[in-house]
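Visitor: The structure that follows is given in the form of structure tokens.
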Amino acid sequence: MGKSKIFWSPRLVGARYETHSIPLDILKDFVALESLIIEVAKYEFKKKNARHRAPRKFSNQISIQLSGVKPGSARPVLTLAILPGLLWSPVEPAYERARDSIIATINQAANGEIITAIPQNLLHLFDKIGRSLKDDECIEFAPKRKQKAIYNQKIRERILKASSEPELISNEVSLRGRVFSCDIASKVFGFEPLGSGKILSHIPVNFDRQLIAALAHSEDGGYVFIEGMGTYKYGKLATIEEISHISHLDEMDTSIRLAEIAKLKDGWLDGQGVHVDTRLIAWLENGFDEKYPSNLVLPFLYPTPEGGLLAEWRLGANEISLEIEPDSHNGRVHVLNLKTDEDDEFLLDLDADGWDRLAEFISSKVGNNA
Amino acid sequence: MRDETILLRQINPAFIQSGKVTSQAFRPTPKDDNGLSVYDGDMISAEESYIHFRKSLKLSSFGVLGVSCAECNNLEITAYNDPAPYPQHCIIDFTPLETSRKRDNAAKKLRNLAEVRGWLFCPE
């Protein structure tokens, strides 16, 4: 067995890591980190030894292994292992300088400095590191140092923008839209996300059938939902690289309907209807996504002439409406039972407990919709 | 107008989702001064009213729904001719309904009656 030593122990910070364990999807970030370390180590080796090329089989002498997880949020322990039969490798110091250069790069980006610690043509290798970090998560690459080299999505984007290939950035995507083509022979499919231009992408392995079904659904007027990884060019989605999930969207999907309403311009109603502010639309979309139970019946959504929004539920004899004025997050609920002629109305503060009260009210009518 | 006269209402395309019409289509806006504009079905057919609305007035319509004068009267609202904009123009007057709750009740009932009657004209 060869020699090994602890090489690096970054700290993962965020709610997902508080149990001192590491979700499996973050492991691919460490695979990408290994690629970055190797490329930077080759650069360091050439610089130190004034060579044009790194030795052949440079990375065969040493491997980087995940040897454990330390407590303290979650701290993966990366070990540098020299292959059996070797007592020392001439490339080992280059790996250590590479680690320090990566830390310096992150600190330079965090401090708003020009990145000089590693060459610009290697910065694109940060692309696959931290893709799956949430907005409130980060990796501290030097948790015990004064400057902790805090790496988050903001720093990642800053480094990628400094790359000599700044235009391509990959990120997780959740897209609603229509599949407009699917060519199995050329392995290419076309997708038009809501509110954005058409794009062509390679069909990921094992998604042929699902994309053909999605195309048929789209041709019938339906929308689909795709989750995966996308590549952005100058901030605009250019292709879908990977797909993790495809589903057909319900015709009542609130995002689809709100996107249609967002297109209405001033004058949409006999010359008088007011355009619905996109901030109001985004707020309501978020409300239905985050605060409205996913198992509860969705409403029909309409613009109001004054630039507000109206949600309507038709539950048996109960006709329910929720009217939201353009400049407030207050809603007025009105209900009429067409059989009994009973009616009621009440106000909801949708920035307070309004969503809970709404869900409770709709639930009660779903269960009693005579 | 007779009790049986059908009052023709043009439905704005934004007022339909998955084939369902909002009750707002049968509720006057504050700017409408409590009056809902309709065509007198004794003077013009549903299809002609649609063509007039689209081509002469240059306004948007998905199709035409209708309620009768008697149905309005049952809800304590009345319709009257208002030929100033064009000869077949009528108003369903919501003035007697003083609160938004009463107006919403009437709008929902009118929408339901119109849906039961079905589309009187809807282009292919």
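Here's how to read the names in the structure tokens: chain A, B, ... by the order shown, residue numbers from 1 in each chain, ligand numbers from 1 in the order shown.
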Would you give me, as a PyMOL selection string, the residues of chain A that come within 8 Å of chain B, using only C-alpha atoms?
Guide: chain A and resi 251-252+257+261+269-271+300-305+312+319+334+336+338+343-345
Visitor: Using only C-alpha atoms, please write the residues we just selected to a file, as a PDB file, in the first residue's frame.
Guide:
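Written out: again_28.pdb:
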ATOM      1  CA  GLU A 251     -53.696  22.344 -18.414  1.00  0.00           C
ATOM      2  CA  MET A 252     -54.441  24.219 -15.161  1.00  0.00           C
ATOM      3  CA  ARG A 257     -51.576  30.531 -17.536  1.00  0.00           C
ATOM      4  CA  ILE A 261     -51.679  36.774 -18.942  1.00  0.00           C
ATOM      5  CA  LEU A 269     -60.088  44.737 -22.915  1.00  0.00           C
ATOM      6  CA  ASP A 270     -61.947  46.813 -25.468  1.00  0.00           C
ATOM      7  CA  GLY A 271     -59.148  49.379 -25.390  1.00  0.00           C
ATOM      8  CA  PHE A 300     -58.791  29.219 -13.372  1.00  0.00           C
ATOM      9  CA  LEU A 301     -56.847  32.487 -13.609  1.00  0.00           C
ATOM     10  CA  TYR A 302     -57.861  35.666 -15.386  1.00  0.00           C
ATOM     11  CA  PRO A 303     -56.640  39.254 -15.623  1.00  0.00           C
ATOM     12  CA  THR A 304     -58.905  41.969 -14.237  1.00  0.00           C
ATOM     13  CA  PRO A 305     -59.557  45.142 -16.231  1.00  0.00           C
ATOM     14  CA  GLU A 312     -61.932  31.187  -9.841  1.00  0.00           C
ATOM     15  CA  GLU A 319     -68.626  29.301  -7.460  1.00  0.00           C
ATOM     16  CA  HIS A 334     -66.494  35.675  -2.807  1.00  0.00           C
ATOM     17  CA  LEU A 336     -71.942  31.719  -4.161  1.00  0.00           C
ATOM     18  CA  LEU A 338     -75.882  28.247  -7.156  1.00  0.00           C
ATOM     19  CA  ASP A 343     -73.210  33.563  -0.444  1.00  0.00           C
ATOM     20  CA  ASP A 344     -70.325  34.947   1.560  1.00  0.00           C
ATOM     21  CA  GLU A 345     -67.294  37.177   1.164  1.00  0.00           C
TER      22      GLU A 345
END
Visitor: What's the 9 Å shell around Ser4 of chain A, counting only C-alpha atoms, without same-chain residues fewer than 2 positions away, as a list in words?
Guide: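 Non-adjacent residues within range: Gly2, Ile6, Phe7, Thr79, Leu80, Ala81, Ile82 and Leu83 of chain A.
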Visitor: Excluding Glu227 of chain A and residues on its chain fewer than 5 positions from it, collect all residues at most 12 Å away from it, counting only C-alpha atoms, and give them as a list in words.
Guide: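 Once the nearby chain positions are removed, what remains is Asn171, Glu172, Val173, Ser174, Leu175, Arg176, Gly177, Pro193, Ile240, Glu241, Glu242, Ile243, Ser244, His245, Ile246 and Ser247 of chain A.
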Visitor: Could you take the residues named above and write them with C-alpha atoms, as a compact mmCIF listing (two decimals), in the first residue's frame?
Guide:
# COMPACT_ATOMS: atom_id res chain seq x y z
CA ASN A 171 -26.66 25.58 -14.49
CA GLU A 172 -29.55 23.53 -13.23
CA VAL A 173 -32.75 24.31 -15.15
CA SER A 174 -36.46 23.83 -14.48
CA LEU A 175 -38.26 24.72 -17.69
CA ARG A 176 -41.87 24.87 -18.80
CA GLY A 177 -42.50 24.93 -22.52
CA PRO A 193 -39.32 27.47 -23.12
CA ILE A 240 -30.24 21.48 -22.57
CA GLU A 241 -27.25 19.21 -21.77
CA GLU A 242 -28.83 16.72 -19.41
CA ILE A 243 -32.40 15.78 -18.52
CA SER A 244 -33.26 14.33 -15.13
CA HIS A 245 -37.04 14.54 -15.39
CA ILE A 246 -39.78 15.22 -17.98
CA SER A 247 -43.49 15.44 -17.22
Visitor: List the neighbours of segment 36-51 of chain A out to 7 Å using only C-alpha atoms; skip same-chain residues closer than 4 positions along the sequence, and give me the result as a short mmCIF file (atom, residue, chain, number, x, y, z; two decimals) with C-alpha atoms, in the first residue's frame.
Guide:
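Final output, saved to selection-v3.cif:
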data_model
loop_
_atom_site.label_atom_id
_atom_site.label_comp_id
_atom_site.auth_asym_id
_atom_site.auth_seq_id
_atom_site.Cartn_x
_atom_site.Cartn_y
_atom_site.Cartn_z
CA ALA A 32 -15.05 17.96 -11.06
CA SER A 59 -2.05 11.91 -12.76
CA VAL A 91 4.38 15.70 -8.79
CA ALA A 94 2.47 20.49 -7.62
CA TYR A 95 -0.82 19.12 -6.22
CA ARG A 97 0.48 24.30 -4.96
CA ALA A 98 -2.62 23.62 -7.11
CA ARG A 99 -4.80 23.44 -3.99
CA LEU A 125 -13.15 24.01 -15.07
#
Visitor: Using DSSP on the backbone coordinates, identify the residues of segment 139-200 of chain A assigned to strand (DSSP E); present them as a list in words.
Guide: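 In segment 139-200 of chain A, DSSP puts these residues in strand (DSSP E): Ile139, Glu140, Ile150, Tyr151, Leu168, Ile169, Ser170, Asn171, Glu172, Val173, Ser174, Leu175, Arg176, Gly177, Arg178, Val179, Phe180, Ser181, Cys182, Asp183, Val188, Phe189, Gly190, Phe191, Glu192, Pro193, Ile199 and Leu200 of chain A.
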Visitor: Return the single residue from B:Arg2, B:Leu65, B:Ile77, B:Gln10 that is closest to Val116 of chain B, with distances computed using only C-alpha atoms.
Guide: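 For Val116 of chain B, the nearest of the given residues is B:Leu65.
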Visitor: So that I can check the surroundings of Asp93 of chain B, please list as a list in words every protein, DNA and RNA residue that reaches within 7 Å of it, counting only C-alpha atoms and ignoring chain neighbours fewer than 5 positions away.
Guide: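 What passes the distance filter is Asn34, Gly35, Leu36, Ile77, Thr78 and Ala79 of chain B.
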Visitor: What's the 7 Å shell around segment 42-49 of chain B, counting only C-alpha atoms, without same-chain residues fewer than 4 positions away, as a count of residues only?
Guide: 7
Visitor: Give me, as a compact mmCIF listing (two decimals) with C-alpha atoms, in the first residue's frame, all polymer residues having an atom no more than 10 Å from Glu18 of chain A, counting only C-alpha atoms and skipping those fewer than 5 positions away in the same chain.
Guide:
# COMPACT_ATOMS: atom_id res chain seq x y z
CA LEU A 12 -19.97 22.34 3.19
CA VAL A 13 -22.29 24.93 4.68
CA PRO A 71 -18.32 16.80 11.62
CA GLY A 72 -18.71 20.59 11.59
CA SER A 73 -21.50 21.11 9.08
CA ALA A 74 -20.06 18.43 6.75
Visitor: Mind checking DSSP for chain B and telling me the helix (DSSP H, G or I) residues as a PyMOL selection string?
Guide: chain B and resi 13-15+23-26+30-32+46-56+69-74+100-117
Visitor: One number please: atom CA of Trp355 of chain A to atom CA of Asp253 of chain A, in Å, one decimal.
Guide: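 These two atoms are separated by 17.7 Å.
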